[in-house]
file protein-v1.cif (mmCIF, C-alpha atoms and all ligand atoms)
data_target
loop_
_atom_site.label_atom_id
_atom_site.label_comp_id
_atom_site.auth_asym_id
_atom_site.auth_seq_id
_atom_site.Cartn_x
_atom_site.Cartn_y
_atom_site.Cartn_z
CA MET A 8 73.00 67.36 100.43
CA THR A 9 70.73 69.65 102.42
CA GLU A 10 71.24 73.16 103.73
CA GLU A 11 71.38 71.75 107.29
CA ILE A 12 74.23 69.38 106.41
CA VAL A 13 76.13 72.22 104.71
CA LYS A 14 75.65 74.60 107.64
CA SER A 15 76.59 71.92 110.13
CA ALA A 16 79.81 71.19 108.18
CA LEU A 17 80.68 74.88 107.87
CA SER A 18 80.05 75.47 111.56
CA LYS A 19 83.20 73.40 112.20
CA VAL A 20 85.25 76.13 110.46
CA LEU A 21 86.48 78.67 113.01
CA TYR A 22 87.11 82.23 111.86
CA PRO A 23 90.93 82.48 111.98
CA GLY A 24 92.08 83.98 115.26
CA PHE A 25 88.65 83.52 116.95
CA THR A 26 86.87 80.78 118.87
CA LYS A 27 83.62 81.33 116.97
CA ASP A 28 82.83 79.64 113.64
CA ILE A 29 81.92 81.33 110.36
CA VAL A 30 78.24 80.28 110.51
CA THR A 31 77.73 81.61 114.07
CA PHE A 32 79.41 84.86 112.98
CA GLY A 33 76.78 85.09 110.22
CA PHE A 34 79.42 85.21 107.49
CA VAL A 35 77.96 82.39 105.36
CA ASN A 36 75.27 83.18 102.81
CA LYS A 37 74.00 82.37 99.31
CA ILE A 38 74.12 78.60 99.81
CA VAL A 39 73.12 76.87 96.56
CA ILE A 40 72.80 73.09 96.50
CA ASN A 41 72.53 71.00 93.36
CA GLY A 42 72.62 67.32 94.21
CA ASP A 43 76.01 66.91 95.87
CA ASP A 44 77.37 70.16 94.39
CA VAL A 45 77.54 73.05 96.83
CA SER A 46 78.30 76.69 96.31
CA PHE A 47 78.24 79.41 98.95
CA THR A 48 79.69 82.81 99.84
CA VAL A 49 81.61 83.74 102.95
CA GLU A 50 81.61 87.47 103.61
CA ILE A 51 84.59 88.28 105.82
CA THR A 52 85.88 91.46 107.40
CA SER A 53 89.59 90.94 106.83
CA SER A 54 91.45 91.82 103.63
CA ALA A 55 94.37 89.53 104.51
CA PRO A 56 94.69 86.83 101.83
CA GLU A 57 95.78 84.23 104.44
CA VAL A 58 92.44 84.54 106.22
CA ALA A 59 90.51 83.91 103.00
CA LYS A 60 92.71 80.96 102.11
CA GLN A 61 92.40 79.28 105.52
CA ILE A 62 88.60 79.55 105.47
CA LYS A 63 88.41 78.22 101.92
CA ASP A 64 90.69 75.25 102.66
CA GLU A 65 88.96 74.26 105.90
CA ALA A 66 85.46 74.70 104.46
CA THR A 67 86.36 72.48 101.51
CA VAL A 68 87.68 69.72 103.82
CA GLU A 69 84.61 69.83 106.09
CA LEU A 70 82.17 69.73 103.18
CA MET A 71 84.02 66.85 101.53
CA ARG A 72 83.79 64.94 104.84
CA ALA A 73 80.06 65.64 104.85
CA GLY A 74 79.77 64.09 101.38
CA ALA A 75 79.83 67.10 99.01
CA ASP A 76 81.21 66.61 95.51
CA THR A 77 81.97 69.90 93.76
CA ILE A 78 82.54 72.76 96.20
CA THR A 79 82.57 76.42 95.18
CA CYS A 80 83.53 78.75 98.00
CA ASN A 81 83.35 82.46 97.12
CA ILE A 82 85.07 84.74 99.57
CA LYS A 83 83.93 88.35 99.73
CA ALA A 84 86.59 90.42 101.47
CA PRO A 85 87.21 94.15 101.76
CA VAL A 86 89.72 95.61 99.30
CA MET A 87 93.34 95.54 100.43
CA PRO A 88 94.55 98.92 101.65
CA ARG A 89 96.77 100.84 99.19
CA GLU A 90 100.43 99.80 98.98
CA SER A 91 101.62 103.26 99.85
CA SER A 92 102.03 103.70 103.55
CA SER A 93 101.98 107.50 103.43
CA ARG A 94 99.84 109.51 105.81
CA GLY A 95 98.44 112.99 106.21
CA LYS A 96 96.35 115.04 103.83
CA ASN A 97 95.89 113.43 100.43
CA ILE A 98 93.42 114.92 97.96
CA ALA A 99 94.37 112.38 95.25
CA PRO A 100 94.21 109.10 97.17
CA GLN A 101 94.06 106.94 94.06
CA VAL A 102 97.68 107.88 93.33
CA LYS A 103 100.12 105.71 95.27
CA ASN A 104 103.26 107.82 94.96
CA PHE A 105 104.11 111.39 94.02
CA LEU A 106 107.45 112.40 92.52
CA MET A 107 108.07 116.15 92.62
CA VAL A 108 110.58 117.32 89.99
CA SER A 109 112.14 120.64 90.93
CA SER A 110 114.93 122.95 89.92
CA GLY A 111 116.32 126.17 91.26
CA LYS A 112 115.81 127.96 87.95
CA GLY A 113 114.15 127.57 84.57
CA GLY A 114 115.79 126.27 81.43
CA VAL A 115 117.89 123.56 83.08
CA GLY A 116 115.86 120.70 81.57
CA LYS A 117 113.27 120.04 84.27
CA SER A 118 110.45 119.34 81.82
CA THR A 119 112.70 117.26 79.60
CA THR A 120 113.71 115.22 82.64
CA SER A 121 110.10 114.83 83.86
CA VAL A 122 108.99 113.54 80.46
CA ASN A 123 111.84 111.08 80.04
CA ILE A 124 111.70 109.78 83.62
CA ALA A 125 107.92 109.30 83.29
CA ILE A 126 108.45 107.34 80.07
CA ALA A 127 111.25 105.28 81.60
CA LEU A 128 109.05 104.40 84.61
CA ALA A 129 106.21 103.39 82.29
CA ALA A 130 108.64 101.27 80.23
CA GLN A 131 109.53 99.55 83.51
CA GLY A 132 105.91 98.49 83.97
CA LYS A 133 104.60 101.25 86.25
CA LYS A 134 101.27 103.00 85.74
CA VAL A 135 102.38 106.58 85.35
CA GLY A 136 100.79 110.02 85.26
CA LEU A 137 102.60 113.22 84.31
CA LEU A 138 101.31 116.48 85.75
CA ASP A 139 102.66 119.68 84.30
CA ALA A 140 102.33 121.97 87.31
CA ASP A 141 104.53 124.63 85.68
CA ILE A 142 101.68 127.06 85.19
CA TYR A 143 104.07 129.79 84.01
CA GLY A 144 105.62 127.73 81.22
CA PRO A 145 103.53 124.65 80.45
CA ASN A 146 105.74 122.82 77.93
CA ILE A 147 104.71 119.23 78.59
CA PRO A 148 101.92 119.03 75.94
CA ARG A 149 104.38 119.88 73.17
CA MET A 150 107.06 117.56 74.56
CA MET A 151 104.55 114.67 74.74
CA GLY A 152 103.16 115.33 71.26
CA LEU A 153 99.88 116.64 72.67
CA ALA A 154 100.03 120.27 71.55
CA ASN A 155 96.58 121.67 70.66
CA ILE A 156 94.73 118.60 71.95
CA LYS A 157 91.94 119.48 74.33
CA PRO A 158 90.89 117.12 77.10
CA GLU A 159 87.39 115.71 77.55
CA VAL A 160 85.34 117.34 80.28
CA HIS A 161 82.86 115.34 82.40
CA GLY A 162 80.78 117.66 84.54
CA ASN A 163 83.34 119.52 86.59
CA LYS A 164 85.99 116.80 86.15
CA VAL A 165 88.52 116.52 83.35
CA LEU A 166 89.91 113.34 81.77
CA PRO A 167 93.69 113.33 81.46
CA LEU A 168 95.16 113.12 77.97
CA LYS A 169 97.18 110.05 77.03
CA ALA A 170 100.49 109.70 75.24
CA TYR A 171 103.15 106.97 75.22
CA GLY A 172 101.05 105.02 77.74
CA ILE A 173 101.11 107.88 80.23
CA GLU A 174 98.23 110.01 81.56
CA VAL A 175 99.04 113.69 81.08
CA MET A 176 97.56 116.99 82.23
CA SER A 177 98.83 120.52 81.85
CA MET A 178 97.57 124.06 82.15
CA GLY A 179 98.73 124.31 78.51
CA SER A 180 96.01 121.82 77.53
CA LEU A 181 93.32 123.81 79.33
CA MET A 182 94.24 127.31 78.07
CA GLU A 183 93.99 128.69 74.58
CA ASP A 184 97.21 128.66 72.55
CA GLY A 185 99.73 131.30 73.54
CA GLN A 186 97.42 132.69 76.23
CA SER A 187 99.12 133.87 79.37
CA LEU A 188 97.71 134.24 82.83
CA ILE A 189 99.04 136.35 85.64
CA TRP A 190 99.11 134.04 88.60
CA ARG A 191 98.54 135.31 92.07
CA GLY A 192 99.20 133.22 95.19
CA ALA A 193 95.64 132.10 95.85
CA MET A 194 95.15 131.20 92.18
CA ILE A 195 98.29 129.09 92.17
CA MET A 196 97.06 127.15 95.20
CA LYS A 197 93.66 126.60 93.62
CA ALA A 198 95.19 125.46 90.33
CA ILE A 199 97.45 122.93 92.02
CA GLU A 200 94.56 121.58 94.09
CA GLN A 201 92.33 121.26 91.04
CA PHE A 202 95.06 119.43 89.13
CA LEU A 203 95.01 116.81 91.86
CA ARG A 204 91.32 116.73 92.77
CA ASP A 205 89.44 117.46 89.55
CA ILE A 206 91.50 115.52 87.03
CA LEU A 207 90.25 111.94 86.69
CA TRP A 208 93.62 110.28 87.26
CA SER A 209 93.45 106.46 87.30
CA GLU A 210 94.91 104.32 90.05
CA LEU A 211 98.50 105.35 89.38
CA ASP A 212 101.70 103.85 90.75
CA VAL A 213 103.30 107.25 90.46
CA LEU A 214 102.43 110.78 89.41
CA VAL A 215 105.48 112.66 88.12
CA ILE A 216 105.01 116.38 88.74
CA ASP A 217 106.92 118.97 86.73
CA MET A 218 107.00 121.98 89.07
CA PRO A 219 107.52 125.64 88.21
CA PRO A 220 111.15 126.64 88.83
CA GLY A 221 112.10 127.86 92.28
CA THR A 222 110.60 127.37 95.69
CA GLY A 223 107.24 129.08 96.08
CA ASP A 224 103.50 128.74 96.52
CA ALA A 225 103.12 125.86 94.06
CA GLN A 226 105.68 123.73 95.89
CA LEU A 227 104.18 124.46 99.30
CA THR A 228 100.62 123.81 98.14
CA LEU A 229 101.59 120.50 96.55
CA ALA A 230 103.34 119.35 99.73
CA GLN A 231 100.28 120.32 101.79
CA SER A 232 97.78 118.66 99.45
CA VAL A 233 99.36 115.23 99.00
CA PRO A 234 102.08 113.29 100.80
CA VAL A 235 104.94 113.78 98.32
CA THR A 236 106.88 110.51 98.29
CA MET A 237 110.09 111.85 96.74
CA GLY A 238 111.72 114.96 95.37
CA LEU A 239 114.06 115.03 92.40
CA THR A 240 116.28 118.03 91.65
CA VAL A 241 117.44 118.87 88.15
CA THR A 242 120.51 121.05 87.77
CA THR A 243 123.11 121.96 85.19
CA PRO A 244 126.78 121.76 86.12
CA GLN A 245 127.58 125.52 86.26
CA GLY A 246 128.20 127.08 89.65
CA VAL A 247 125.32 129.55 89.32
CA SER A 248 122.84 126.77 88.65
CA LEU A 249 124.17 124.80 91.61
CA ASP A 250 123.56 127.74 93.96
CA ASP A 251 119.88 127.70 92.97
CA SER A 252 119.64 123.93 93.14
CA ARG A 253 120.87 124.00 96.72
CA ARG A 254 117.74 126.02 97.55
CA SER A 255 115.59 123.39 95.86
CA LEU A 256 117.19 120.61 97.94
CA ASP A 257 116.85 122.68 101.10
CA MET A 258 113.13 123.09 100.31
CA PHE A 259 112.68 119.29 100.14
CA ARG A 260 114.36 119.06 103.50
CA LYS A 261 112.09 121.72 105.03
CA LEU A 262 108.96 120.09 103.60
CA ASN A 263 110.02 116.63 104.91
CA ILE A 264 110.22 115.29 101.36
CA PRO A 265 112.75 112.46 100.95
CA ILE A 266 115.28 113.23 98.18
CA ALA A 267 115.48 110.76 95.28
CA GLY A 268 118.66 112.38 93.97
CA ILE A 269 120.02 114.92 91.54
CA ILE A 270 119.98 114.77 87.76
CA GLU A 271 122.90 116.69 86.33
CA ASN A 272 121.59 117.75 82.93
CA MET A 273 123.61 119.23 80.05
CA SER A 274 126.53 117.41 81.59
CA GLY A 275 128.99 117.22 78.70
CA PHE A 276 128.12 117.15 75.00
CA ILE A 277 127.93 114.10 72.76
CA ALA A 278 128.76 115.06 69.18
CA PRO A 279 126.17 113.42 66.95
CA ASP A 280 128.65 112.77 64.12
CA THR A 281 131.48 111.18 66.09
CA GLY A 282 129.86 110.17 69.39
CA VAL A 283 132.77 111.86 71.20
CA GLU A 284 131.81 113.37 74.56
CA TYR A 285 132.97 116.97 75.25
CA ASP A 286 132.93 118.82 78.55
CA ILE A 287 131.16 122.20 78.12
CA PHE A 288 129.64 123.46 81.36
CA GLY A 289 131.70 121.14 83.53
CA LYS A 290 130.78 117.63 84.60
CA GLY A 291 130.26 116.02 87.97
CA THR A 292 130.29 119.45 89.66
CA SER A 293 127.09 118.57 91.55
CA GLN A 294 128.84 115.91 93.66
CA PRO A 295 129.74 118.18 96.62
CA MET A 296 126.11 119.38 96.72
CA ALA A 297 124.90 115.77 96.65
CA ASP A 298 127.21 114.96 99.57
CA GLU A 299 126.01 118.01 101.49
CA PHE A 300 122.39 116.82 101.25
CA LYS A 301 123.32 113.14 101.76
CA THR A 302 121.98 112.20 98.36
CA LYS A 303 123.42 111.09 95.03
CA ILE A 304 123.66 112.07 91.38
CA ILE A 305 121.42 109.51 89.74
CA ALA A 306 122.22 110.52 86.16
CA GLU A 307 124.52 112.76 84.16
CA ILE A 308 122.61 113.54 80.98
CA PRO A 309 124.75 114.96 78.18
CA ILE A 310 123.69 117.67 75.78
CA GLU A 311 122.42 115.75 72.79
CA PRO A 312 120.73 117.45 69.85
CA SER A 313 118.25 114.57 69.66
CA ILE A 314 117.02 115.39 73.18
CA ARG A 315 116.14 118.93 72.12
CA ILE A 316 114.62 117.77 68.81
CA GLY A 317 112.63 115.09 70.66
CA GLY A 318 111.27 117.79 72.97
CA ASP A 319 110.30 120.14 70.17
CA ASP A 320 108.70 117.40 68.06
CA GLY A 321 106.91 115.61 70.89
CA LYS A 322 109.06 112.49 70.46
CA PRO A 323 110.89 111.89 73.73
CA ILE A 324 114.28 110.24 73.28
CA THR A 325 113.60 107.51 75.86
CA PHE A 326 110.65 106.31 73.76
CA ILE A 327 111.93 107.02 70.25
CA ASN A 328 115.55 105.97 70.67
CA PRO A 329 115.83 103.75 73.76
CA SER A 330 119.27 102.49 72.73
CA SER A 331 120.80 106.00 72.86
CA GLU A 332 123.22 106.81 75.66
CA SER A 333 120.86 109.38 77.19
CA ALA A 334 117.84 107.05 77.12
CA LYS A 335 119.88 104.40 78.92
CA ARG A 336 120.85 106.93 81.57
CA TYR A 337 117.21 107.99 82.04
CA MET A 338 116.26 104.32 82.43
CA LYS A 339 118.92 103.81 85.10
CA ALA A 340 117.80 106.97 86.90
CA ALA A 341 114.17 105.76 86.86
CA GLU A 342 115.25 102.42 88.38
CA SER A 343 117.07 104.26 91.12
CA ILE A 344 114.06 106.52 91.80
CA TRP A 345 111.71 103.53 92.02
CA ALA A 346 114.05 101.72 94.41
CA SER A 347 114.08 104.83 96.61
CA ILE A 348 110.26 105.08 96.48
CA GLU A 349 109.96 101.44 97.59
CA GLU A 350 112.44 102.05 100.37
CA VAL A 351 110.51 105.09 101.63
CA ASN A 352 107.25 103.09 101.65
CA ALA A 353 108.88 100.10 103.34
CA ASN A 354 110.03 102.44 106.09
CA GLY A 355 106.56 103.77 106.84
CA GLY A 356 106.06 106.25 103.97
CA VAL A 357 105.86 110.01 104.24
CA ASP A 358 103.62 112.20 106.36
CA ASN A 359 102.66 115.77 105.51
CA HIS A 360 100.95 116.60 108.82
CA ALA A 361 103.82 118.81 109.87
CA VAL A 362 103.58 121.10 106.82
CA GLN A 363 99.84 121.79 107.02
CA PRO A 364 98.83 125.46 107.29
CA THR A 365 98.13 126.53 110.84
CA THR A 366 95.32 128.93 109.84
CA PRO A 367 91.74 127.66 109.40
CA PRO A 368 90.63 126.92 105.83
CA GLY A 369 89.72 130.06 103.90
CA VAL A 370 91.70 132.35 106.18
CA SER A 371 94.96 133.64 104.77
CA ALA A 372 97.96 133.54 107.09
CA CYS A 373 98.38 137.25 106.25
CA SER A 374 95.06 138.13 107.80
CA THR A 375 95.72 136.55 111.17
CA ALA A 376 96.71 138.55 114.23
CA ALA A 377 99.79 136.35 114.54
CA ALA A 378 101.52 138.22 111.75
CA PRO A 379 100.24 141.80 111.89
CA LYS A 380 103.54 143.31 110.71
CA ALA A 381 103.68 140.91 107.82
CA GLN A 382 100.70 142.47 106.03
CA PRO A 383 101.58 143.21 102.42
CA LYS A 384 101.70 146.93 101.69
CA SER A 385 100.00 146.59 98.34
CA SER A 386 98.02 143.83 96.74
CA ASP A 387 100.94 142.96 94.47
CA GLU A 388 103.41 142.51 97.26
CA SER A 389 104.11 139.39 99.28
CA CYS A 390 104.08 139.55 103.06
CA GLY A 391 107.19 137.37 102.95
CA THR A 392 105.80 134.62 105.12
CA GLY A 393 105.29 132.22 102.27
CA CYS A 394 101.55 132.21 102.92
CA GLY A 395 100.80 132.75 99.28
CA CYS A 396 99.23 136.21 99.55
CA HIS A 397 101.00 137.61 96.52
N1 LIG B 1 120.33 117.20 77.69
C1 LIG B 1 119.85 118.02 76.78
N2 LIG B 1 120.37 118.08 75.52
C2 LIG B 1 119.87 118.92 74.59
N3 LIG B 1 118.85 119.76 74.80
C3 LIG B 1 118.30 119.76 76.04
C4 LIG B 1 118.75 118.89 77.07
N4 LIG B 1 117.97 119.11 78.17
C5 LIG B 1 117.09 120.07 77.83
N5 LIG B 1 117.29 120.44 76.56
C6 LIG B 1 116.55 121.50 75.84
O1 LIG B 1 116.71 122.69 76.58
C7 LIG B 1 115.51 123.45 76.58
C8 LIG B 1 115.06 123.69 78.01
O2 LIG B 1 114.69 122.47 78.60
P1 LIG B 1 113.37 122.31 79.47
O3 LIG B 1 113.23 120.87 79.78
O4 LIG B 1 112.25 123.00 78.81
O5 LIG B 1 113.83 123.12 80.78
P2 LIG B 1 112.97 123.62 82.04
O6 LIG B 1 111.75 122.80 82.12
O7 LIG B 1 113.90 123.42 83.19
O8 LIG B 1 112.70 125.06 81.79
C9 LIG B 1 114.50 122.66 75.77
O9 LIG B 1 114.50 123.13 74.46
C10 LIG B 1 115.05 121.25 75.80
O10 LIG B 1 114.70 120.49 74.65
MG MG B 2 109.72 123.45 81.96
#
call {"tool": "encode", "arguments": {"input": "protein-v1.cif", "output": "structure tokens", "more": "lines below"}}
Ligand SMILES: Nc1ncnc2c1ncn2[C@@H]1O[C@H](COP(=O)(O)OP(=O)(O)O)[C@@H](O)[C@H]1O
Ligand SMILES: [Mg+2]
result
Amino acid sequence: MTEEIVKSALSKVLYPGFTKDIVTFGFVNKIVINGDDVSFTVEITSSAPEVAKQIKDEATVELMRAGADTITCNIKAPVMPRESSSRGKNIAPQVKNFLMVSSGKGGVGKSTTSVNIAIALAAQGKKVGLLDADIYGPNIPRMMGLANIKPEVHGNKVLPLKAYGIEVMSMGSLMEDGQSLIWRGAMIMKAIEQFLRDILWSELDVLVIDMPPGTGDAQLTLAQSVPVTMGLTVTTPQGVSLDDSRRSLDMFRKLNIPIAGIIENMSGFIAPDTGVEYDIFGKGTSQPMADEFKTKIIAEIPIEPSIRIGGDDGKPITFINPSSESAKRYMKAAESIWASIEEVNANGGVDNHAVQPTTPPGVSACSTAAAPKAQPKSSDESCGTGCGCH
């Protein structure tokens, strides 16, 4: 075998879809010949696996015809684009999907839900991150058994903590114990951006984000910073909670975030001694709201003392007691969420272009001439435009 024979054989291999061959294109290099053994590299411009396969197959046939014995064809191709088809601004491009967990008010079990859904998704083979974006009440470290553990800092980047196979970050892990911060609009935006940009998240299938309660600056900033694949609303069955949850669903709609469904938490009570289920706050009362927003209740999670104990002790029920009724319901909810995420991506993904701020970077919407009457009267007051000036 000589280099001429090899090149002449490979020049019979056309680059798929073109009338020129791989040698003429200049794609063939690193030819190594050892007797009748040939190895070479073909550097192609397509990431499609079919292209690589066709070249490899045809090159092997041509070289065998030319008398080669052992043939090693290395294909160097660009990396496949990410599975997620979402578009728009994305400051954490290594994360394929973002699940925003919201509620109208605090105390309904949003953090508990975020933790258990994250664990259920990980148990189903997904690479999961859990971001505690509730800067007012960062409870995730305790619930994941990470209280008092400080993350490693690399330059100006921070490594996420790890628990139960999940990457975790929280303002609670960055602040001193019991410390409180008074958050102003611009600080909230900065914090959310840093959580996405400056935390060294791995290539994640999904980042579950536990939001502060309500519909404010944090929600808007998140939606503007990354294409949020899906929103999940957590509610309790009482009428007053439902009123607030409606606002949370309406926010998803306004931010163009597809709705994964509603989790009705504290839906009935399972007595630990008898296993009998009691109705306390009502049950299934979220259905009309689900219908109104063309979505579904993906789980009714009962009040179970072991859920609360699991939260306090950092031992989430879905991990510690997967055969419990609640864990099974979280697992089913996670399956439903993942199916919805796949559906959204199959249909072209999400796009956050439409929710980008219209003011140039660094200029607050409050300071533009477009909203002169909306100027806040004092520094503590919001202008009411949702620009985050308060
Ligand atoms: N289904 C449930 N059964 C028992 N306790 C629950 C349940 N859901 C939440 N809790 C408890 O209620 C409290 C509030 O829940 P949490 O997840 O912190 O709410 P949020 O994040 O919405 O403020 C926590 O102590 C939590 O352990
Ligand atoms: Mg919480």
call {"tool": "closest_residue", "arguments": {"input": "protein-v1.cif", "among": "A:Ile195, A:Leu214, A:Ile189, A:Val115", "to": "ligand LIG 1 (chain B)", "atoms": "all atoms listed in the file"}}
result
A:Val115
call {"tool": "residues_around", "arguments": {"input": "protein-v1.cif", "residues": "Asn81 (chain A)", "least_positions_apart": "6", "cutoff": "8 Å", "atoms": "only C-alpha atoms", "output": "list in words"}}
result
Ser46, Phe47, Thr48 and Val49 of chain A
call {"tool": "write_last_selection", "arguments": {"input": "protein-v1.cif", "atoms": "C-alpha atoms", "output": "PDB file, keeping the file's coordinate frame"}}
result
ATOM      1  CA  SER A  46      78.300  76.690  96.310  1.00  0.00           C
ATOM      2  CA  PHE A  47      78.240  79.410  98.950  1.00  0.00           C
ATOM      3  CA  THR A  48      79.690  82.810  99.840  1.00  0.00           C
ATOM      4  CA  VAL A  49      81.610  83.740 102.950  1.00  0.00           C
TER       5      VAL A  49
END
call {"tool": "atom_distance", "arguments": {"input": "protein-v1.cif", "atom1": "CA of Glu50 (chain A)", "atom2": "CA of Pro100 (chain A)"}}
result
25.8 Å
call {"tool": "closest_residue", "arguments": {"input": "protein-v1.cif", "among": "A:Thr52, A:Asn272, A:Ser109, A:Thr243", "to": "Leu229 (chain A)", "atoms": "all atoms listed in the file"}}
result
A:Ser109
call {"tool": "atom_distance", "arguments": {"input": "protein-v1.cif", "atom1": "CA of Met273 (chain A)", "atom2": "CA of Met237 (chain A)"}}
result
22.7 Å
call {"tool": "residues_near_ligand", "arguments": {"input": "protein-v1.cif", "ligand": "ligand LIG 1 (chain B)", "cutoff": "8 Å", "atoms": "all atoms listed in the file", "output": "PDB file with C-alpha atoms, keeping the file's coordinate frame"}}
result
ATOM      1  CA  SER A 110     114.930 122.950  89.920  1.00  0.00           C
ATOM      2  CA  LYS A 112     115.810 127.960  87.950  1.00  0.00           C
ATOM      3  CA  GLY A 113     114.150 127.570  84.570  1.00  0.00           C
ATOM      4  CA  GLY A 114     115.790 126.270  81.430  1.00  0.00           C
ATOM      5  CA  VAL A 115     117.890 123.560  83.080  1.00  0.00           C
ATOM      6  CA  GLY A 116     115.860 120.700  81.570  1.00  0.00           C
ATOM      7  CA  LYS A 117     113.270 120.040  84.270  1.00  0.00           C
ATOM      8  CA  SER A 118     110.450 119.340  81.820  1.00  0.00           C
ATOM      9  CA  THR A 119     112.700 117.260  79.600  1.00  0.00           C
ATOM     10  CA  THR A 120     113.710 115.220  82.640  1.00  0.00           C
ATOM     11  CA  SER A 121     110.100 114.830  83.860  1.00  0.00           C
ATOM     12  CA  GLY A 144     105.620 127.730  81.220  1.00  0.00           C
ATOM     13  CA  ASN A 146     105.740 122.820  77.930  1.00  0.00           C
ATOM     14  CA  ASP A 217     106.920 118.970  86.730  1.00  0.00           C
ATOM     15  CA  PRO A 219     107.520 125.640  88.210  1.00  0.00           C
ATOM     16  CA  PRO A 220     111.150 126.640  88.830  1.00  0.00           C
ATOM     17  CA  VAL A 241     117.440 118.870  88.150  1.00  0.00           C
ATOM     18  CA  ASN A 272     121.590 117.750  82.930  1.00  0.00           C
ATOM     19  CA  MET A 273     123.610 119.230  80.050  1.00  0.00           C
ATOM     20  CA  SER A 274     126.530 117.410  81.590  1.00  0.00           C
ATOM     21  CA  PHE A 276     128.120 117.150  75.000  1.00  0.00           C
ATOM     22  CA  ILE A 308     122.610 113.540  80.980  1.00  0.00           C
ATOM     23  CA  PRO A 309     124.750 114.960  78.180  1.00  0.00           C
ATOM     24  CA  ILE A 310     123.690 117.670  75.780  1.00  0.00           C
ATOM     25  CA  GLU A 311     122.420 115.750  72.790  1.00  0.00           C
ATOM     26  CA  PRO A 312     120.730 117.450  69.850  1.00  0.00           C
ATOM     27  CA  SER A 313     118.250 114.570  69.660  1.00  0.00           C
ATOM     28  CA  ILE A 314     117.020 115.390  73.180  1.00  0.00           C
ATOM     29  CA  ARG A 315     116.140 118.930  72.120  1.00  0.00           C
ATOM     30  CA  ILE A 316     114.620 117.770  68.810  1.00  0.00           C
ATOM     31  CA  GLY A 317     112.630 115.090  70.660  1.00  0.00           C
ATOM     32  CA  GLY A 318     111.270 117.790  72.970  1.00  0.00           C
ATOM     33  CA  ASP A 319     110.300 120.140  70.170  1.00  0.00           C
ATOM     34  CA  SER A 333     120.860 109.380  77.190  1.00  0.00           C
TER      35      SER A 333
END
call {"tool": "residues_around", "arguments": {"input": "protein-v1.cif", "residues": "Thr79 (chain A)", "least_positions_apart": "4", "cutoff": "12 Å", "atoms": "only C-alpha atoms", "output": "list in words"}}
result
Lys37, Ile38, Val39, Ile40, Asn41, Asp43, Asp44, Val45, Ser46, Phe47, Thr48, Val49, Lys63, Asp64, Ala66, Thr67, Leu70, Met71 and Ala75 of chain A
call {"tool": "write_last_selection", "arguments": {"input": "protein-v1.cif", "atoms": "C-alpha atoms", "output": "mmCIF file, in the coordinates of the input"}}
result
data_model
loop_
_atom_site.group_PDB
_atom_site.id
_atom_site.type_symbol
_atom_site.label_atom_id
_atom_site.label_comp_id
_atom_site.auth_asym_id
_atom_site.auth_seq_id
_atom_site.Cartn_x
_atom_site.Cartn_y
_atom_site.Cartn_z
ATOM 1 C CA LYS A 37 74.000 82.370 99.310
ATOM 2 C CA ILE A 38 74.120 78.600 99.810
ATOM 3 C CA VAL A 39 73.120 76.870 96.560
ATOM 4 C CA ILE A 40 72.800 73.090 96.500
ATOM 5 C CA ASN A 41 72.530 71.000 93.360
ATOM 6 C CA ASP A 43 76.010 66.910 95.870
ATOM 7 C CA ASP A 44 77.370 70.160 94.390
ATOM 8 C CA VAL A 45 77.540 73.050 96.830
ATOM 9 C CA SER A 46 78.300 76.690 96.310
ATOM 10 C CA PHE A 47 78.240 79.410 98.950
ATOM 11 C CA THR A 48 79.690 82.810 99.840
ATOM 12 C CA VAL A 49 81.610 83.740 102.950
ATOM 13 C CA LYS A 63 88.410 78.220 101.920
ATOM 14 C CA ASP A 64 90.690 75.250 102.660
ATOM 15 C CA ALA A 66 85.460 74.700 104.460
ATOM 16 C CA THR A 67 86.360 72.480 101.510
ATOM 17 C CA LEU A 70 82.170 69.730 103.180
ATOM 18 C CA MET A 71 84.020 66.850 101.530
ATOM 19 C CA ALA A 75 79.830 67.100 99.010
#
call {"tool": "closest_residue", "arguments": {"input": "protein-v1.cif", "among": "A:Val68, A:Ile156, A:Leu262, A:Ile216", "to": "ligand MG 2 (chain B)", "atoms": "all atoms listed in the file"}}
result
A:Ile216
call {"tool": "atom_distance", "arguments": {"input": "protein-v1.cif", "atom1": "CA of Gly321 (chain A)", "atom2": "CA of Met151 (chain A)"}}
result
4.6 Å
call {"tool": "closest_residue", "arguments": {"input": "protein-v1.cif", "among": "A:Val20, A:Ile147, A:Leu106, A:Ala99", "to": "ligand MG 2 (chain B)", "atoms": "all atoms listed in the file"}}
result
A:Ile147
call {"tool": "decode", "arguments": {"input": "protein-v1.cif", "residues": "region 196-200 of chain A", "atoms": "N, CA and C atoms", "output": "compact mmCIF listing (two decimals), in the first residue's frame"}}
result
# COMPACT_ATOMS: atom_id res chain seq x y z
N MET A 196 -32.66 40.92 40.01
CA MET A 196 -32.30 40.57 38.63
C MET A 196 -30.87 40.06 38.55
N LYS A 197 -29.97 40.75 39.24
CA LYS A 197 -28.56 40.37 39.22
C LYS A 197 -28.38 38.98 39.82
N ALA A 198 -29.07 38.74 40.94
CA ALA A 198 -28.94 37.44 41.62
C ALA A 198 -29.40 36.31 40.70
N ILE A 199 -30.54 36.50 40.06
CA ILE A 199 -31.07 35.45 39.18
C ILE A 199 -30.09 35.20 38.02
N GLU A 200 -29.57 36.28 37.45
CA GLU A 200 -28.62 36.13 36.34
C GLU A 200 -27.36 35.39 36.78
